[in-house]
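Student: So I've got this file, data-v4.pdb, and it contains PDB, C-alpha atoms, pLDDT in the B column:
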ATOM      1  CA  MET A1291      -1.376  25.053 -10.835  1.00 73.00           C
ATOM      2  CA  ILE A1292      -4.170  23.493 -12.885  1.00 81.00           C
ATOM      3  CA  ASP A1293      -1.597  21.815 -15.139  1.00 80.00           C
ATOM      4  CA  ASP A1294       0.150  20.319 -12.093  1.00 78.00           C
ATOM      5  CA  ILE A1295      -3.148  18.936 -10.780  1.00 85.00           C
ATOM      6  CA  LEU A1296      -4.125  17.485 -14.147  1.00 83.00           C
ATOM      7  CA  ALA A1297      -0.715  15.821 -14.425  1.00 81.00           C
ATOM      8  CA  ALA A1298      -0.959  14.371 -10.903  1.00 86.00           C
ATOM      9  CA  ILE A1299      -4.454  12.847 -10.944  1.00 86.00           C
ATOM     10  CA  PRO A1300      -3.697  10.153 -13.587  1.00 85.00           C
ATOM     11  CA  LEU A1301      -0.680   9.090 -11.518  1.00 84.00           C
ATOM     12  CA  GLY A1302      -2.934   8.666  -8.479  1.00 85.00           C
ATOM     13  CA  PHE A1303      -5.352   6.589 -10.569  1.00 86.00           C
ATOM     14  CA  PHE A1304      -2.485   4.417 -11.807  1.00 83.00           C
ATOM     15  CA  LEU A1305      -1.133   3.887  -8.275  1.00 82.00           C
ATOM     16  CA  SER A1306      -4.546   2.782  -7.030  1.00 83.00           C
ATOM     17  CA  PHE A1307      -4.571  -0.118  -9.489  1.00 79.00           C
ATOM     18  CA  MET A1308      -1.001  -1.247  -8.963  1.00 77.00           C
ATOM     19  CA  PRO A1309      -1.224  -4.901  -7.875  1.00 68.00           C
ATOM     20  CA  GLY A1310       0.199  -5.348  -4.413  1.00 75.00           C
ATOM     21  CA  ALA A1311      -0.616  -6.560  -0.925  1.00 78.00           C
ATOM     22  CA  VAL A1312      -2.458  -3.312  -0.102  1.00 86.00           C
ATOM     23  CA  PHE A1313      -4.609  -3.580  -3.241  1.00 84.00           C
ATOM     24  CA  PHE A1314      -5.926  -7.038  -2.379  1.00 84.00           C
ATOM     25  CA  VAL A1315      -6.350  -6.452   1.355  1.00 86.00           C
ATOM     26  CA  LEU A1316      -8.341  -3.268   0.629  1.00 88.00           C
ATOM     27  CA  LEU A1317     -10.758  -5.208  -1.590  1.00 84.00           C
ATOM     28  CA  GLU A1318     -11.044  -7.987   0.997  1.00 83.00           C
ATOM     29  CA  THR A1319     -11.754  -5.489   3.786  1.00 86.00           C
ATOM     30  CA  SER A1320     -14.430  -3.804   1.701  1.00 86.00           C
ATOM     31  CA  VAL A1321     -16.154  -7.052   0.772  1.00 82.00           C
ATOM     32  CA  VAL A1322     -16.004  -8.617   4.229  1.00 80.00           C
ATOM     33  CA  LYS A1323     -16.280  -5.647   6.624  1.00 83.00           C
ATOM     34  CA  GLY A1324     -17.880  -2.848   4.619  1.00 82.00           C
ATOM     35  CA  PHE A1325     -17.221   0.705   3.451  1.00 87.00           C
ATOM     36  CA  ARG A1326     -16.174   2.374   6.722  1.00 89.00           C
ATOM     37  CA  ALA A1327     -13.745  -0.397   7.608  1.00 90.00           C
ATOM     38  CA  ALA A1328     -12.150  -0.235   4.167  1.00 91.00           C
ATOM     39  CA  MET A1329     -11.866   3.566   4.422  1.00 93.00           C
ATOM     40  CA  ALA A1330     -10.132   3.272   7.807  1.00 94.00           C
ATOM     41  CA  PHE A1331      -7.657   0.826   6.276  1.00 94.00           C
ATOM     42  CA  ASP A1332      -7.117   3.028   3.204  1.00 94.00           C
ATOM     43  CA  LEU A1333      -6.484   6.174   5.267  1.00 95.00           C
ATOM     44  CA  GLY A1334      -3.727   4.273   7.079  1.00 95.00           C
ATOM     45  CA  VAL A1335      -2.204   3.374   3.708  1.00 94.00           C
ATOM     46  CA  ILE A1336      -2.297   7.004   2.600  1.00 95.00           C
ATOM     47  CA  LEU A1337      -0.686   8.172   5.849  1.00 95.00           C
ATOM     48  CA  ALA A1338       2.221   5.800   5.159  1.00 93.00           C
ATOM     49  CA  ASP A1339       2.516   7.310   1.661  1.00 93.00           C
ATOM     50  CA  ILE A1340       2.579  10.812   3.160  1.00 94.00           C
ATOM     51  CA  VAL A1341       5.371   9.771   5.531  1.00 92.00           C
ATOM     52  CA  PHE A1342       7.306   8.248   2.613  1.00 89.00           C
ATOM     53  CA  ILE A1343       6.873  11.380   0.500  1.00 89.00           C
ATOM     54  CA  CYS A1344       8.138  13.581   3.359  1.00 88.00           C
ATOM     55  CA  ILE A1345      11.142  11.308   3.873  1.00 84.00           C
ATOM     56  CA  ALA A1346      11.829  11.318   0.144  1.00 81.00           C
ATOM     57  CA  TYR A1347      11.563  15.099  -0.141  1.00 81.00           C
ATOM     58  CA  PHE A1348      13.749  15.964   2.844  1.00 79.00           C
ATOM     59  CA  SER A1349      16.328  13.180   2.416  1.00 72.00           C
ATOM     60  CA  SER A1350      17.118  13.597  -1.282  1.00 58.00           C
ATOM     61  CA  TYR A1351      18.810  10.862  -3.323  1.00 54.00           C
ATOM     62  CA  ARG A1352      21.288   9.854  -0.589  1.00 59.00           C
ATOM     63  CA  LEU A1353      18.551   7.824   1.029  1.00 54.00           C
ATOM     64  CA  ILE A1354      18.050   5.936  -2.238  1.00 51.00           C
ATOM     65  CA  GLN A1355      21.705   5.020  -2.171  1.00 53.00           C
ATOM     66  CA  SER A1356      21.441   3.699   1.382  1.00 58.00           C
ATOM     67  CA  ILE A1357      18.334   1.683   0.539  1.00 54.00           C
ATOM     68  CA  LYS A1358      20.018   0.231  -2.504  1.00 50.00           C
ATOM     69  CA  ASP A1359      22.912  -0.929  -0.354  1.00 52.00           C
ATOM     70  CA  GLU A1360      20.715  -2.267   2.444  1.00 61.00           C
ATOM     71  CA  PRO A1361      18.788  -5.275   1.083  1.00 65.00           C
ATOM     72  CA  ALA A1362      18.134  -6.257   4.715  1.00 68.00           C
ATOM     73  CA  LEU A1363      15.263  -3.736   4.688  1.00 64.00           C
ATOM     74  CA  PHE A1364      13.550  -5.652   1.872  1.00 68.00           C
ATOM     75  CA  ILE A1365      14.240  -8.951   3.637  1.00 74.00           C
ATOM     76  CA  PHE A1366      12.792  -7.591   6.894  1.00 67.00           C
ATOM     77  CA  GLY A1367       9.620  -6.381   5.162  1.00 67.00           C
ATOM     78  CA  GLY A1368       9.329  -9.642   3.243  1.00 73.00           C
ATOM     79  CA  LEU A1369       9.603 -11.710   6.410  1.00 77.00           C
ATOM     80  CA  ILE A1370       6.865  -9.651   8.081  1.00 73.00           C
ATOM     81  CA  LEU A1371       4.515 -10.044   5.114  1.00 71.00           C
ATOM     82  CA  LEU A1372       5.267 -13.746   4.753  1.00 77.00           C
ATOM     83  CA  THR A1373       4.742 -14.370   8.478  1.00 80.00           C
ATOM     84  CA  TYR A1374       1.543 -12.315   8.576  1.00 70.00           C
ATOM     85  CA  GLY A1375       0.129 -14.131   5.547  1.00 73.00           C
ATOM     86  CA  LEU A1376       1.061 -17.533   6.956  1.00 80.00           C
ATOM     87  CA  ILE A1377      -0.499 -16.814  10.349  1.00 76.00           C
ATOM     88  CA  SER A1378      -3.659 -15.464   8.672  1.00 71.00           C
ATOM     89  CA  PHE A1379      -3.925 -18.571   6.488  1.00 73.00           C
ATOM     90  CA  ILE A1380      -3.545 -20.937   9.455  1.00 77.00           C
ATOM     91  CA  LYS A1381      -6.033 -18.858  11.435  1.00 68.00           C
ATOM     92  CA  GLN A1382      -8.651 -19.100   8.666  1.00 64.00           C
ATOM     93  CA  LYS A1383      -8.188 -22.872   8.492  1.00 64.00           C
ATOM     94  CA  ARG A1384      -9.180 -23.115  12.159  1.00 61.00           C
ATOM     95  CA  ILE A1385     -12.277 -20.906  11.900  1.00 57.00           C
ATOM     96  CA  SER A1386     -15.530 -22.703  11.175  1.00 51.00           C
ATOM     97  CA  LYS A1387     -18.139 -21.184   8.886  1.00 49.00           C
ATOM     98  CA  ASN A1388     -20.540 -20.572  11.797  1.00 48.00           C
ATOM     99  CA  GLU A1389     -17.828 -18.818  13.832  1.00 49.00           C
ATOM    100  CA  LEU A1390     -17.067 -16.602  10.828  1.00 50.00           C
ATOM    101  CA  VAL A1391     -20.723 -15.600  10.432  1.00 47.00           C
ATOM    102  CA  ASP A1392     -20.961 -14.712  14.126  1.00 46.00           C
ATOM    103  CA  LYS A1393     -17.703 -12.775  14.005  1.00 50.00           C
ATOM    104  CA  GLU A1394     -18.578 -10.761  10.907  1.00 50.00           C
ATOM    105  CA  ALA A1395     -22.079 -10.018  12.194  1.00 44.00           C
ATOM    106  CA  LYS A1396     -20.719  -8.097  15.178  1.00 50.00           C
ATOM    107  CA  ALA A1397     -20.649  -4.308  14.853  1.00 50.00           C
ATOM    108  CA  ILE A1398     -17.217  -2.815  14.305  1.00 60.00           C
ATOM    109  CA  ASN A1399     -16.269  -0.507  17.152  1.00 62.00           C
ATOM    110  CA  LYS A1400     -13.844   2.418  17.219  1.00 63.00           C
ATOM    111  CA  ARG A1401     -10.978   0.207  18.352  1.00 70.00           C
ATOM    112  CA  ASP A1402     -11.499  -2.031  15.311  1.00 84.00           C
ATOM    113  CA  TYR A1403     -11.349   0.997  13.008  1.00 88.00           C
ATOM    114  CA  LEU A1404      -8.138   2.129  14.679  1.00 91.00           C
ATOM    115  CA  GLY A1405      -6.720  -1.361  14.240  1.00 90.00           C
ATOM    116  CA  LEU A1406      -7.589  -1.325  10.528  1.00 92.00           C
ATOM    117  CA  PHE A1407      -6.012   2.124  10.192  1.00 94.00           C
ATOM    118  CA  VAL A1408      -2.795   0.883  11.809  1.00 93.00           C
ATOM    119  CA  LYS A1409      -2.917  -2.278   9.687  1.00 91.00           C
ATOM    120  CA  GLY A1410      -3.122  -0.200   6.488  1.00 92.00           C
ATOM    121  CA  PHE A1411      -0.261   2.020   7.620  1.00 94.00           C
ATOM    122  CA  LEU A1412       2.050  -0.858   8.553  1.00 90.00           C
ATOM    123  CA  LEU A1413       1.208  -2.977   5.505  1.00 88.00           C
ATOM    124  CA  ASN A1414       2.251  -0.111   3.254  1.00 88.00           C
ATOM    125  CA  PHE A1415       5.128   1.098   5.418  1.00 87.00           C
ATOM    126  CA  ILE A1416       6.992  -2.229   5.604  1.00 83.00           C
ATOM    127  CA  ASN A1417       7.364  -2.217   1.816  1.00 78.00           C
ATOM    128  CA  VAL A1418      10.510  -0.124   1.442  1.00 73.00           C
ATOM    129  CA  GLY A1419      10.076  -0.358  -2.326  1.00 73.00           C
ATOM    130  CA  VAL A1420       7.235   2.168  -1.988  1.00 80.00           C
ATOM    131  CA  LEU A1421       9.717   4.629  -0.503  1.00 78.00           C
ATOM    132  CA  GLY A1422      12.055   4.021  -3.427  1.00 74.00           C
ATOM    133  CA  PHE A1423       9.159   4.692  -5.799  1.00 79.00           C
ATOM    134  CA  TRP A1424       8.323   8.064  -4.203  1.00 83.00           C
ATOM    135  CA  LEU A1425      11.997   9.026  -4.188  1.00 78.00           C
ATOM    136  CA  ALA A1426      12.236   8.291  -7.894  1.00 75.00           C
ATOM    137  CA  ILE A1427       9.042  10.292  -8.559  1.00 80.00           C
ATOM    138  CA  ILE A1428      10.459  13.313  -6.715  1.00 81.00           C
ATOM    139  CA  ILE A1429      13.718  13.041  -8.652  1.00 76.00           C
ATOM    140  CA  THR A1430      11.782  12.906 -11.919  1.00 75.00           C
ATOM    141  CA  ILE A1431       9.007  15.403 -11.199  1.00 80.00           C
ATOM    142  CA  GLY A1432      10.820  17.810  -8.856  1.00 76.00           C
ATOM    143  CA  PRO A1433      12.911  19.580 -11.524  1.00 73.00           C
ATOM    144  CA  GLN A1434       9.824  19.916 -13.755  1.00 76.00           C
ATOM    145  CA  LEU A1435       8.138  21.739 -10.874  1.00 80.00           C
ATOM    146  CA  ASP A1436      11.232  23.940 -10.385  1.00 77.00           C
ATOM    147  CA  MET A1437      11.559  22.331  -6.901  1.00 74.00           C
ATOM    148  CA  ASP A1438       8.979  24.881  -5.778  1.00 81.00           C
ATOM    149  CA  GLN A1439       7.555  23.735  -2.444  1.00 83.00           C
ATOM    150  CA  GLY A1440       4.074  25.046  -3.213  1.00 87.00           C
ATOM    151  CA  ARG A1441       3.860  23.286  -6.558  1.00 87.00           C
ATOM    152  CA  ILE A1442       5.293  20.070  -5.112  1.00 87.00           C
ATOM    153  CA  LEU A1443       2.721  20.166  -2.295  1.00 90.00           C
ATOM    154  CA  ILE A1444      -0.117  20.665  -4.784  1.00 91.00           C
ATOM    155  CA  PHE A1445       1.199  17.921  -7.074  1.00 91.00           C
ATOM    156  CA  PHE A1446       1.512  15.235  -4.413  1.00 92.00           C
ATOM    157  CA  SER A1447      -1.739  16.287  -2.720  1.00 92.00           C
ATOM    158  CA  SER A1448      -3.440  15.811  -6.082  1.00 93.00           C
ATOM    159  CA  VAL A1449      -1.763  12.430  -6.565  1.00 92.00           C
ATOM    160  CA  LEU A1450      -3.002  11.215  -3.182  1.00 93.00           C
ATOM    161  CA  GLY A1451      -6.415  12.795  -3.793  1.00 93.00           C
ATOM    162  CA  GLY A1452      -6.750  10.939  -7.097  1.00 92.00           C
ATOM    163  CA  TYR A1453      -5.556   7.776  -5.355  1.00 92.00           C
ATOM    164  CA  LEU A1454      -8.146   8.138  -2.584  1.00 93.00           C
ATOM    165  CA  LEU A1455     -11.038   8.887  -4.960  1.00 93.00           C
ATOM    166  CA  THR A1456     -10.172   5.861  -7.092  1.00 92.00           C
ATOM    167  CA  ASP A1457      -9.956   3.684  -3.983  1.00 91.00           C
ATOM    168  CA  ILE A1458     -13.383   4.908  -2.868  1.00 93.00           C
ATOM    169  CA  GLY A1459     -14.746   3.761  -6.231  1.00 90.00           C
ATOM    170  CA  LYS A1460     -13.102   0.350  -5.767  1.00 87.00           C
ATOM    171  CA  ILE A1461     -14.481   0.068  -2.241  1.00 88.00           C
ATOM    172  CA  VAL A1462     -18.025   0.896  -3.355  1.00 87.00           C
ATOM    173  CA  LEU A1463     -17.895  -1.628  -6.208  1.00 84.00           C
ATOM    174  CA  ALA A1464     -16.411  -4.356  -4.009  1.00 79.00           C
ATOM    175  CA  LYS A1465     -18.990  -3.686  -1.297  1.00 74.00           C
ATOM    176  CA  GLN A1466     -21.761  -4.588  -3.753  1.00 76.00           C
ATOM    177  CA  LEU A1467     -20.573  -8.197  -3.538  1.00 73.00           C
ATOM    178  CA  ARG A1468     -20.942  -8.333   0.235  1.00 67.00           C
ATOM    179  CA  ASN A1469     -24.595  -9.348   0.338  1.00 65.00           C
ATOM    180  CA  LYS A1470     -24.011 -12.051  -2.252  1.00 67.00           C
ATOM    181  CA  LEU A1471     -21.256 -13.832  -0.363  1.00 62.00           C
ATOM    182  CA  THR A1472     -21.783 -16.944   1.708  1.00 59.00           C
ATOM    183  CA  ALA A1473     -19.683 -17.819   4.749  1.00 60.00           C
ATOM    184  CA  ALA A1474     -17.833 -20.397   2.657  1.00 68.00           C
ATOM    185  CA  ASN A1475     -16.953 -17.789   0.020  1.00 65.00           C
ATOM    186  CA  ILE A1476     -15.760 -15.335   2.659  1.00 65.00           C
ATOM    187  CA  LEU A1477     -13.434 -17.986   4.040  1.00 70.00           C
ATOM    188  CA  LYS A1478     -12.105 -18.636   0.544  1.00 73.00           C
ATOM    189  CA  ILE A1479     -11.459 -14.916  -0.011  1.00 71.00           C
ATOM    190  CA  LYS A1480      -9.574 -14.653   3.281  1.00 72.00           C
ATOM    191  CA  LYS A1481      -7.451 -17.697   2.446  1.00 76.00           C
ATOM    192  CA  VAL A1482      -6.659 -16.357  -1.041  1.00 78.00           C
ATOM    193  CA  ILE A1483      -5.639 -12.975   0.408  1.00 74.00           C
ATOM    194  CA  SER A1484      -3.402 -14.749   2.924  1.00 77.00           C
ATOM    195  CA  ILE A1485      -1.710 -16.640   0.089  1.00 81.00           C
ATOM    196  CA  ILE A1486      -1.290 -13.410  -1.897  1.00 76.00           C
ATOM    197  CA  LEU A1487       0.362 -11.757   1.133  1.00 75.00           C
ATOM    198  CA  MET A1488       2.771 -14.683   1.384  1.00 82.00           C
ATOM    199  CA  ILE A1489       3.583 -14.370  -2.327  1.00 83.00           C
ATOM    200  CA  PHE A1490       4.359 -10.667  -1.989  1.00 76.00           C
ATOM    201  CA  GLY A1491       6.431 -11.417   1.099  1.00 76.00           C
ATOM    202  CA  ILE A1492       8.481 -13.908  -0.893  1.00 84.00           C
ATOM    203  CA  ALA A1493       8.811 -11.344  -3.702  1.00 78.00           C
ATOM    204  CA  LEU A1494      10.250  -8.813  -1.245  1.00 72.00           C
ATOM    205  CA  LEU A1495      12.681 -11.432   0.054  1.00 77.00           C
ATOM    206  CA  ILE A1496      13.844 -12.147  -3.495  1.00 80.00           C
ATOM    207  CA  GLN A1497      14.200  -8.420  -4.120  1.00 71.00           C
ATOM    208  CA  GLY A1498      16.406  -8.138  -1.047  1.00 69.00           C
ATOM    209  CA  TRP A1499      18.612 -11.017  -2.188  1.00 72.00           C
ATOM    210  CA  SER A1500      18.789  -9.970  -5.851  1.00 66.00           C
ATOM    211  CA  PRO A1501      20.666  -6.684  -6.517  1.00 50.00           C
ATOM    212  CA  SER A1502      19.377  -6.562 -10.089  1.00 51.00           C
ATOM    213  CA  ASP A1503      15.883  -5.731  -8.792  1.00 46.00           C
ATOM    214  CA  GLY A1504      17.050  -2.241  -7.839  1.00 48.00           C
ATOM    215  CA  GLU A1505      17.652  -1.075 -11.395  1.00 50.00           C
ATOM    216  CA  PHE A1506      14.726   1.366 -11.319  1.00 45.00           C
ATOM    217  CA  VAL A1507      16.108   3.151  -8.287  1.00 46.00           C
ATOM    218  CA  ASN A1508      19.679   2.950  -9.568  1.00 51.00           C
ATOM    219  CA  SER A1509      18.735   4.611 -12.864  1.00 52.00           C
ATOM    220  CA  ALA A1510      17.036   7.413 -10.923  1.00 46.00           C
ATOM    221  CA  ILE A1511      20.238   8.005  -8.959  1.00 45.00           C
ATOM    222  CA  LYS A1512      22.318   8.150 -12.148  1.00 50.00           C
ATOM    223  CA  THR A1513      19.869  10.609 -13.673  1.00 47.00           C
ATOM    224  CA  LEU A1514      20.151  12.918 -10.651  1.00 44.00           C
ATOM    225  CA  GLU A1515      23.929  12.668 -10.467  1.00 45.00           C
ATOM    226  CA  SER A1516      24.328  13.486 -14.141  1.00 48.00           C
ATOM    227  CA  LYS A1517      22.549  16.844 -13.713  1.00 45.00           C
TER     228      LYS A1517
END
Now that the file is in, can you turn its structure into structure tokens?
Tutor:
Amino acid sequence: MIDDILAAIPLGFFLSFMPGAVFFVLLETSVVKGFRAAMAFDLGVILADIVFICIAYFSSYRLIQSIKDEPALFIFGGLILLTYGLISFIKQKRISKNELVDKEAKAINKRDYLGLFVKGFLLNFINVGVLGFWLAIIITIGPQLDMDQGRILIFFSSVLGGYLLTDIGKIVLAKQLRNKLTAANILKIKKVISIILMIFGIALLIQGWSPSDGEFVNSAIKTLESK
């Protein structure tokens, strides 16, 4: 059991630093809205990962095959990200610096935390590539764990635990910048994050239109079928 945990934690650390829309939005949320808001967002992200892992475990490699043959899922996710980023960018252009200060000064209520939680969940869930990643991990790691449900549960719990602990460290470090930011800098950060979301949306669209981008998942399928 200890060996499984020690093997899982580095993977969680690695996942936490993978550049993606979630990575940048988490840092932005921490800097602009604080620790609790960022944690609410991050817990939503982790819930989406848990859902993906459950789907991957119970659906086996057949789901990979269907995803590979359905680029519309990538296109759908890409369109959502691109639209969200574009709307956010336009919205920030219309907000004055004084309005931003007033808005950020307000206390975050429970509904705001729930909204951030849902935002984290959806932002991670619309990226079907994350599901493909977890499927490939199960295909690779599952046989090494003898497909034992207990060991698999411990392994993926440790992965997500390592992921969460690393994210907490990122949130704390990013939060240190909060008091040093001016309203103008906060606006710049929000605009940059909006642009990054649009870039990742375009990347998902390209992935949906380009079959060659599924090689990682395809190789995982071939590995499973050859056993």
Student: As a ChimeraX atom specification, please: the residues near segment 1480-1492 of chain A (cut-off 6 Å, all atoms listed in the file, same-chain neighbours under 2 positions excluded).
Tutor: /A:1311,1368,1371-1372,1375,1378-1379,1477-1478,1494-1495
Student: Just to confirm, what's the straight-line distance from atom CA of Phe1342 of chain A to atom CA of Tyr1403 of chain A in Å (one decimal)?
Tutor: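 That distance, rounded to one decimal, is 22.6 Å.
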Student: Just the number, please: distance in Å from atom CA of Gly1310 of chain A to atom CA of Ile1416 of chain A, one decimal.
Tutor: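 The value is 12.5 Å.
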Student: Taking (-14.4, 1.7, -5.1) in the file's coordinates as the center, which residues reach within 12 Å of it, counting only C-alpha atoms, put as an MDAnalysis selection string?
Tutor: chainID A and resid 1303 1306:1307 1313 1316:1321 1324:1326 1328:1329 1332 1453:1467
Student: Mind pulling up the distance from atom CA of Gln1434 of chain A to atom CA of Ile1292 of chain A?
Tutor: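 Value for the atom CA of Ile1292 of chain A-atom CA of Gln1434 of chain A distance: 14.5 Å.
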